[in-house]
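Source file: input.txt; contents: compact mmCIF, N, CA and C atoms.
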```txt
# COMPACT_ATOMS: atom_id res chain seq x y z
N MET V 1 -4.72 -12.41 -8.37
CA MET V 1 -4.09 -11.56 -7.37
C MET V 1 -4.53 -10.12 -7.59
N ILE V 2 -4.65 -9.40 -6.49
CA ILE V 2 -5.00 -7.98 -6.51
C ILE V 2 -3.77 -7.19 -6.08
N SER V 3 -3.43 -6.17 -6.83
CA SER V 3 -2.38 -5.24 -6.44
C SER V 3 -3.06 -4.01 -5.85
N VAL V 4 -2.78 -3.75 -4.59
CA VAL V 4 -3.33 -2.58 -3.89
C VAL V 4 -2.27 -1.50 -3.94
N ILE V 5 -2.59 -0.38 -4.57
CA ILE V 5 -1.63 0.70 -4.77
C ILE V 5 -1.97 1.86 -3.84
N ILE V 6 -0.96 2.27 -3.08
CA ILE V 6 -1.14 3.38 -2.13
C ILE V 6 -0.07 4.43 -2.39
N PRO V 7 -0.44 5.55 -3.02
CA PRO V 7 0.50 6.66 -3.14
C PRO V 7 0.50 7.45 -1.83
N THR V 8 1.66 7.96 -1.44
CA THR V 8 1.71 8.71 -0.19
C THR V 8 2.73 9.84 -0.30
N TYR V 9 2.44 10.92 0.39
CA TYR V 9 3.30 12.09 0.43
C TYR V 9 3.30 12.60 1.87
N ARG V 10 4.46 12.59 2.49
CA ARG V 10 4.59 13.04 3.89
C ARG V 10 3.50 12.43 4.78
N PRO V 11 3.43 11.11 4.83
CA PRO V 11 2.34 10.46 5.55
C PRO V 11 2.38 10.71 7.05
N LYS V 12 1.22 10.70 7.61
CA LYS V 12 1.04 10.81 9.06
C LYS V 12 0.58 9.46 9.59
N ASP V 13 0.11 9.42 10.83
CA ASP V 13 -0.30 8.16 11.46
C ASP V 13 -1.43 7.46 10.71
N TYR V 14 -2.18 8.19 9.91
CA TYR V 14 -3.28 7.56 9.18
C TYR V 14 -2.78 6.48 8.22
N LEU V 15 -1.52 6.57 7.78
CA LEU V 15 -0.98 5.53 6.90
C LEU V 15 -0.96 4.19 7.62
N TRP V 16 -0.63 4.18 8.91
CA TRP V 16 -0.58 2.92 9.67
C TRP V 16 -1.98 2.33 9.80
N GLU V 17 -2.99 3.18 9.96
CA GLU V 17 -4.38 2.70 10.02
C GLU V 17 -4.77 2.08 8.68
N CYS V 18 -4.35 2.71 7.60
CA CYS V 18 -4.63 2.19 6.27
C CYS V 18 -3.99 0.81 6.10
N LEU V 19 -2.71 0.71 6.43
CA LEU V 19 -1.99 -0.56 6.28
C LEU V 19 -2.54 -1.62 7.22
N ASP V 20 -2.90 -1.23 8.44
CA ASP V 20 -3.48 -2.19 9.38
C ASP V 20 -4.81 -2.74 8.86
N SER V 21 -5.57 -1.90 8.14
CA SER V 21 -6.84 -2.39 7.59
C SER V 21 -6.57 -3.44 6.51
N LEU V 22 -5.43 -3.37 5.87
CA LEU V 22 -5.06 -4.39 4.88
C LEU V 22 -4.61 -5.67 5.57
N LEU V 23 -4.01 -5.54 6.74
CA LEU V 23 -3.63 -6.72 7.52
C LEU V 23 -4.85 -7.51 7.97
N ASP V 24 -5.97 -6.82 8.15
CA ASP V 24 -7.20 -7.43 8.66
C ASP V 24 -8.09 -8.03 7.57
N GLN V 25 -7.62 -8.09 6.35
CA GLN V 25 -8.45 -8.58 5.25
C GLN V 25 -8.79 -10.06 5.39
N THR V 26 -10.02 -10.40 5.00
CA THR V 26 -10.44 -11.80 5.00
C THR V 26 -9.89 -12.55 3.79
N LEU V 27 -9.52 -11.82 2.75
CA LEU V 27 -8.90 -12.43 1.58
C LEU V 27 -7.53 -12.97 1.98
N ASP V 28 -7.21 -14.17 1.51
CA ASP V 28 -5.92 -14.78 1.84
C ASP V 28 -4.78 -13.83 1.48
N LYS V 29 -3.81 -13.73 2.35
CA LYS V 29 -2.69 -12.79 2.17
C LYS V 29 -1.86 -13.08 0.92
N ASP V 30 -1.93 -14.31 0.41
CA ASP V 30 -1.21 -14.64 -0.82
C ASP V 30 -1.95 -14.16 -2.07
N ASP V 31 -3.17 -13.69 -1.88
CA ASP V 31 -3.99 -13.28 -3.02
C ASP V 31 -3.96 -11.77 -3.28
N PHE V 32 -3.15 -11.05 -2.50
CA PHE V 32 -2.99 -9.63 -2.78
C PHE V 32 -1.62 -9.14 -2.34
N GLU V 33 -1.20 -8.07 -2.99
CA GLU V 33 0.05 -7.41 -2.65
C GLU V 33 -0.25 -5.94 -2.43
N VAL V 34 0.61 -5.28 -1.67
CA VAL V 34 0.47 -3.85 -1.42
C VAL V 34 1.71 -3.16 -1.98
N ILE V 35 1.48 -2.13 -2.76
CA ILE V 35 2.57 -1.34 -3.31
C ILE V 35 2.39 0.09 -2.82
N ILE V 36 3.37 0.56 -2.07
CA ILE V 36 3.37 1.93 -1.56
C ILE V 36 4.36 2.72 -2.39
N VAL V 37 3.95 3.88 -2.86
CA VAL V 37 4.87 4.77 -3.56
C VAL V 37 4.94 6.08 -2.78
N LEU V 38 6.10 6.31 -2.20
CA LEU V 38 6.37 7.55 -1.46
C LEU V 38 6.91 8.55 -2.46
N ASN V 39 6.21 9.66 -2.62
CA ASN V 39 6.71 10.67 -3.55
C ASN V 39 7.10 11.93 -2.78
N GLY V 40 8.16 12.55 -3.26
CA GLY V 40 8.66 13.75 -2.61
C GLY V 40 9.68 13.42 -1.54
N CYS V 41 9.59 14.12 -0.46
CA CYS V 41 10.55 14.03 0.65
C CYS V 41 10.75 12.59 1.11
N GLU V 42 12.02 12.18 1.22
CA GLU V 42 12.33 10.79 1.56
C GLU V 42 12.30 10.50 3.05
N GLU V 43 13.08 11.24 3.83
CA GLU V 43 13.17 10.95 5.25
C GLU V 43 12.47 12.01 6.08
N PRO V 44 11.90 11.59 7.19
CA PRO V 44 12.01 10.31 7.88
C PRO V 44 11.01 9.26 7.41
N PHE V 45 10.21 9.62 6.41
CA PHE V 45 9.08 8.79 6.02
C PHE V 45 9.48 7.42 5.48
N LYS V 46 10.49 7.39 4.62
CA LYS V 46 10.91 6.11 4.04
C LYS V 46 11.36 5.14 5.12
N GLY V 47 12.13 5.62 6.07
CA GLY V 47 12.59 4.76 7.16
C GLY V 47 11.44 4.24 8.01
N GLN V 48 10.46 5.08 8.26
CA GLN V 48 9.30 4.65 9.05
C GLN V 48 8.51 3.57 8.32
N ILE V 49 8.32 3.76 7.02
CA ILE V 49 7.58 2.76 6.24
C ILE V 49 8.37 1.46 6.17
N GLU V 50 9.67 1.55 5.97
CA GLU V 50 10.50 0.34 5.94
C GLU V 50 10.44 -0.41 7.27
N ASP V 51 10.40 0.32 8.38
CA ASP V 51 10.25 -0.32 9.70
C ASP V 51 8.93 -1.08 9.78
N TYR V 52 7.86 -0.46 9.28
CA TYR V 52 6.54 -1.11 9.29
C TYR V 52 6.58 -2.38 8.44
N ILE V 53 7.18 -2.28 7.27
CA ILE V 53 7.26 -3.44 6.37
C ILE V 53 8.04 -4.57 7.04
N ARG V 54 9.18 -4.24 7.64
CA ARG V 54 9.98 -5.27 8.32
C ARG V 54 9.19 -5.95 9.44
N SER V 55 8.44 -5.17 10.18
CA SER V 55 7.71 -5.74 11.32
C SER V 55 6.50 -6.57 10.89
N HIS V 56 6.09 -6.47 9.61
CA HIS V 56 4.94 -7.22 9.12
C HIS V 56 5.29 -8.08 7.90
N GLN V 57 6.56 -8.33 7.68
CA GLN V 57 6.97 -9.05 6.47
C GLN V 57 6.41 -10.46 6.37
N ASP V 58 6.07 -11.07 7.50
CA ASP V 58 5.48 -12.41 7.47
C ASP V 58 3.96 -12.38 7.37
N ASP V 59 3.39 -11.19 7.50
CA ASP V 59 1.93 -11.05 7.55
C ASP V 59 1.31 -10.63 6.23
N ILE V 60 2.07 -9.90 5.42
CA ILE V 60 1.50 -9.29 4.22
C ILE V 60 2.62 -8.99 3.23
N GLN V 61 2.28 -9.01 1.95
CA GLN V 61 3.25 -8.68 0.89
C GLN V 61 3.21 -7.18 0.64
N ILE V 62 4.27 -6.48 1.04
CA ILE V 62 4.33 -5.03 0.83
C ILE V 62 5.66 -4.69 0.17
N ARG V 63 5.57 -3.84 -0.86
CA ARG V 63 6.77 -3.30 -1.48
C ARG V 63 6.68 -1.78 -1.47
N LEU V 64 7.84 -1.15 -1.33
CA LEU V 64 7.93 0.31 -1.26
C LEU V 64 8.80 0.83 -2.39
N PHE V 65 8.32 1.88 -3.04
CA PHE V 65 9.09 2.59 -4.05
C PHE V 65 9.11 4.06 -3.68
N HIS V 66 10.17 4.74 -4.06
CA HIS V 66 10.30 6.17 -3.77
C HIS V 66 10.62 6.93 -5.05
N THR V 67 10.04 8.10 -5.18
CA THR V 67 10.34 8.99 -6.29
C THR V 67 10.38 10.42 -5.77
N LEU V 68 11.26 11.21 -6.32
CA LEU V 68 11.31 12.63 -5.95
C LEU V 68 10.26 13.44 -6.70
N GLN V 69 9.79 12.88 -7.81
CA GLN V 69 8.77 13.57 -8.61
C GLN V 69 7.43 13.44 -7.91
N GLY V 70 6.81 14.57 -7.62
CA GLY V 70 5.55 14.57 -6.91
C GLY V 70 4.37 14.23 -7.81
N GLY V 71 3.24 14.11 -7.17
CA GLY V 71 1.99 13.90 -7.89
C GLY V 71 1.44 12.50 -7.74
N VAL V 72 0.17 12.44 -7.41
CA VAL V 72 -0.48 11.15 -7.18
C VAL V 72 -0.53 10.31 -8.45
N SER V 73 -0.73 10.95 -9.59
CA SER V 73 -0.78 10.19 -10.85
C SER V 73 0.56 9.56 -11.16
N ASN V 74 1.64 10.29 -10.95
CA ASN V 74 2.98 9.74 -11.17
C ASN V 74 3.21 8.56 -10.23
N ALA V 75 2.84 8.70 -8.98
CA ALA V 75 3.03 7.61 -8.01
C ALA V 75 2.24 6.37 -8.43
N ARG V 76 1.02 6.57 -8.86
CA ARG V 76 0.20 5.43 -9.30
C ARG V 76 0.80 4.75 -10.53
N ASN V 77 1.32 5.55 -11.46
CA ASN V 77 1.94 4.97 -12.66
C ASN V 77 3.19 4.17 -12.32
N ILE V 78 3.97 4.64 -11.38
CA ILE V 78 5.15 3.88 -10.94
C ILE V 78 4.70 2.53 -10.37
N ALA V 79 3.68 2.56 -9.54
CA ALA V 79 3.18 1.31 -8.95
C ALA V 79 2.62 0.38 -10.02
N LEU V 80 1.91 0.92 -10.99
CA LEU V 80 1.37 0.09 -12.07
C LEU V 80 2.49 -0.62 -12.83
N ASP V 81 3.62 0.05 -12.99
CA ASP V 81 4.76 -0.56 -13.67
C ASP V 81 5.31 -1.77 -12.90
N HIS V 82 5.07 -1.83 -11.60
CA HIS V 82 5.61 -2.91 -10.76
C HIS V 82 4.55 -3.89 -10.26
N ALA V 83 3.30 -3.62 -10.57
CA ALA V 83 2.20 -4.46 -10.08
C ALA V 83 2.24 -5.85 -10.71
N ARG V 84 1.98 -6.86 -9.89
CA ARG V 84 1.94 -8.24 -10.36
C ARG V 84 0.51 -8.77 -10.44
N GLY V 85 -0.42 -8.02 -9.93
CA GLY V 85 -1.80 -8.49 -9.84
C GLY V 85 -2.54 -8.44 -11.16
N GLU V 86 -3.52 -9.32 -11.25
CA GLU V 86 -4.43 -9.31 -12.39
C GLU V 86 -5.41 -8.14 -12.27
N TYR V 87 -5.70 -7.75 -11.02
CA TYR V 87 -6.60 -6.65 -10.73
C TYR V 87 -5.84 -5.58 -9.96
N ILE V 88 -6.28 -4.34 -10.11
CA ILE V 88 -5.65 -3.19 -9.45
C ILE V 88 -6.69 -2.51 -8.57
N CYS V 89 -6.25 -2.14 -7.38
CA CYS V 89 -7.11 -1.40 -6.44
C CYS V 89 -6.31 -0.21 -5.92
N PHE V 90 -6.86 0.98 -6.04
CA PHE V 90 -6.20 2.18 -5.53
C PHE V 90 -6.83 2.55 -4.19
N ILE V 91 -5.97 2.81 -3.21
CA ILE V 91 -6.43 3.27 -1.91
C ILE V 91 -5.57 4.47 -1.53
N ASP V 92 -6.18 5.53 -1.05
CA ASP V 92 -5.42 6.68 -0.57
C ASP V 92 -4.83 6.37 0.80
N ASP V 93 -3.73 7.02 1.13
CA ASP V 93 -3.04 6.71 2.39
C ASP V 93 -3.81 7.12 3.63
N ASP V 94 -4.84 7.94 3.47
CA ASP V 94 -5.64 8.34 4.63
C ASP V 94 -6.98 7.59 4.68
N ASP V 95 -7.09 6.52 3.89
CA ASP V 95 -8.28 5.68 3.90
C ASP V 95 -8.01 4.38 4.66
N TYR V 96 -9.05 3.75 5.10
CA TYR V 96 -8.94 2.38 5.60
C TYR V 96 -10.15 1.64 5.05
N ILE V 97 -9.99 0.33 4.90
CA ILE V 97 -11.03 -0.45 4.24
C ILE V 97 -11.59 -1.49 5.20
N SER V 98 -12.80 -1.93 4.91
CA SER V 98 -13.44 -2.95 5.74
C SER V 98 -12.71 -4.28 5.57
N PRO V 99 -12.80 -5.17 6.54
CA PRO V 99 -12.08 -6.45 6.48
C PRO V 99 -12.41 -7.31 5.26
N SER V 100 -13.60 -7.19 4.72
CA SER V 100 -13.98 -8.01 3.57
C SER V 100 -13.86 -7.28 2.23
N TYR V 101 -13.33 -6.09 2.23
CA TYR V 101 -13.27 -5.25 1.03
C TYR V 101 -12.62 -5.98 -0.15
N LEU V 102 -11.42 -6.49 0.02
CA LEU V 102 -10.72 -7.12 -1.10
C LEU V 102 -11.38 -8.43 -1.52
N GLU V 103 -11.90 -9.18 -0.57
CA GLU V 103 -12.60 -10.42 -0.91
C GLU V 103 -13.84 -10.12 -1.74
N GLU V 104 -14.58 -9.11 -1.36
CA GLU V 104 -15.77 -8.71 -2.12
C GLU V 104 -15.37 -8.17 -3.49
N LEU V 105 -14.29 -7.43 -3.56
CA LEU V 105 -13.81 -6.89 -4.83
C LEU V 105 -13.44 -8.04 -5.79
N GLN V 106 -12.78 -9.04 -5.26
CA GLN V 106 -12.36 -10.17 -6.07
C GLN V 106 -13.56 -10.99 -6.55
N SER V 107 -14.62 -11.03 -5.78
CA SER V 107 -15.77 -11.87 -6.14
C SER V 107 -16.67 -11.21 -7.19
N LYS V 108 -16.47 -9.97 -7.50
CA LYS V 108 -17.31 -9.24 -8.47
C LYS V 108 -16.98 -9.61 -9.89
```
Conversion result in structure tokens:
Amino acid sequence: MISVIIPTYRPKDYLWECLDSLLDQTLDKDDFEVIIVLNGCEEPFKGQIEDYIRSHQDDIQIRLFHTLQGGVSNARNIALDHARGEYICFIDDDDYISPSYLEELQSK
């Protein structure tokens, strides 16, 4: 399993593009999980992310964590503490990946 870690701070619409690119992966959805760590300001961002997770709960494994302590390194460390995957993949919230990205990563 691959744990995909996405730290985010005051995300904009690009976060949805990032998450949608994970929905489009050729790798079986049971072979990866997504961990989002929202750092800093909680609302309205946490509610928006929770809405996205609810609307895709049957499509992809996503978990959300929140911390008031800022910093991308702190967010990544929180996610690492909760990751279940044998492999770790970091993606920024303003990135999107090709449909075969995780499958290719796993095959290396």
Could you check how far atom N of V:Gln69 sits from atom CA of V:Glu33, in Å to one decimal?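 So the two atoms, atom N of V:Gln69 and atom CA of V:Glu33, lie 23.1 Å apart.
The closest residue to V:Ile97, picked from V:Gly85, V:Val4, V:Leu38, V:Leu22 and counting only C-alpha atoms, is V:Leu22.
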Quick one, how far is atom C of V:Glu86 from atom N of V:Leu68?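 Distance between the two atoms: 26.2 Å.
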Enclosing box along x, y and z for every listed atom of stretch 56-73 of chain V, padded 8 Å each side, centre and size in Å, one decimal, as JSON:
```
{"center_x": 5.3, "center_y": 1.1, "center_z": -0.8, "size_x": 28.1, "size_y": 43.0, "size_z": 36.8}
```
In the coordinates of the file, take the point (-12.7, -6.4, 3.7) and a cut-off of 6.5 Å; then, counting all atoms listed in the file, name each qualifying protein, DNA or RNA residue as a PyMOL selection string. chain V and resi 24-27+97-104
Leaving out V:Ile5 and any residue of its chain fewer than 6 positions from it, which residues lie within 7 Å of it when counting only C-alpha atoms, given as a ChimeraX atom specification? /V:34-36,76,79,89-91
Dump N, CA and C atoms for the selected residues as a PDB file, in the frame of the given file?
```pdb
ATOM      1  N   VAL V  34       0.610  -5.280  -1.670  1.00  0.00           N
ATOM      2  CA  VAL V  34       0.470  -3.850  -1.420  1.00  0.00           C
ATOM      3  C   VAL V  34       1.710  -3.160  -1.980  1.00  0.00           C
ATOM      4  N   ILE V  35       1.480  -2.130  -2.760  1.00  0.00           N
ATOM      5  CA  ILE V  35       2.570  -1.340  -3.310  1.00  0.00           C
ATOM      6  C   ILE V  35       2.390   0.090  -2.820  1.00  0.00           C
ATOM      7  N   ILE V  36       3.370   0.560  -2.070  1.00  0.00           N
ATOM      8  CA  ILE V  36       3.370   1.930  -1.560  1.00  0.00           C
ATOM      9  C   ILE V  36       4.360   2.720  -2.390  1.00  0.00           C
ATOM     10  N   ARG V  76       1.020   6.570  -8.860  1.00  0.00           N
ATOM     11  CA  ARG V  76       0.200   5.430  -9.300  1.00  0.00           C
ATOM     12  C   ARG V  76       0.800   4.750 -10.530  1.00  0.00           C
ATOM     13  N   ALA V  79       3.680   2.560  -9.540  1.00  0.00           N
ATOM     14  CA  ALA V  79       3.180   1.310  -8.950  1.00  0.00           C
ATOM     15  C   ALA V  79       2.620   0.380 -10.020  1.00  0.00           C
ATOM     16  N   CYS V  89      -6.250  -2.140  -7.380  1.00  0.00           N
ATOM     17  CA  CYS V  89      -7.110  -1.400  -6.440  1.00  0.00           C
ATOM     18  C   CYS V  89      -6.310  -0.210  -5.920  1.00  0.00           C
ATOM     19  N   PHE V  90      -6.860   0.980  -6.040  1.00  0.00           N
ATOM     20  CA  PHE V  90      -6.200   2.180  -5.530  1.00  0.00           C
ATOM     21  C   PHE V  90      -6.830   2.550  -4.190  1.00  0.00           C
ATOM     22  N   ILE V  91      -5.970   2.810  -3.210  1.00  0.00           N
ATOM     23  CA  ILE V  91      -6.430   3.270  -1.910  1.00  0.00           C
ATOM     24  C   ILE V  91      -5.570   4.470  -1.530  1.00  0.00           C
TER      25      ILE V  91
END
```
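Between atom C of V:Arg84 and atom CA of V:Tyr96 there is a distance of 21.7 Å.
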Nearest-residue call for V:Pro7, choices V:Gln106, V:Ser55, V:Ser21, V:Asn74, using only N, CA and C atoms: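 Under the stated criterion, the closest residue is V:Asn74.
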Give me the residues within 12 Å of V:Arg10 as a count of residues only, counting only C-alpha atoms and dropping any in the same chain fewer than 4 places off. 20
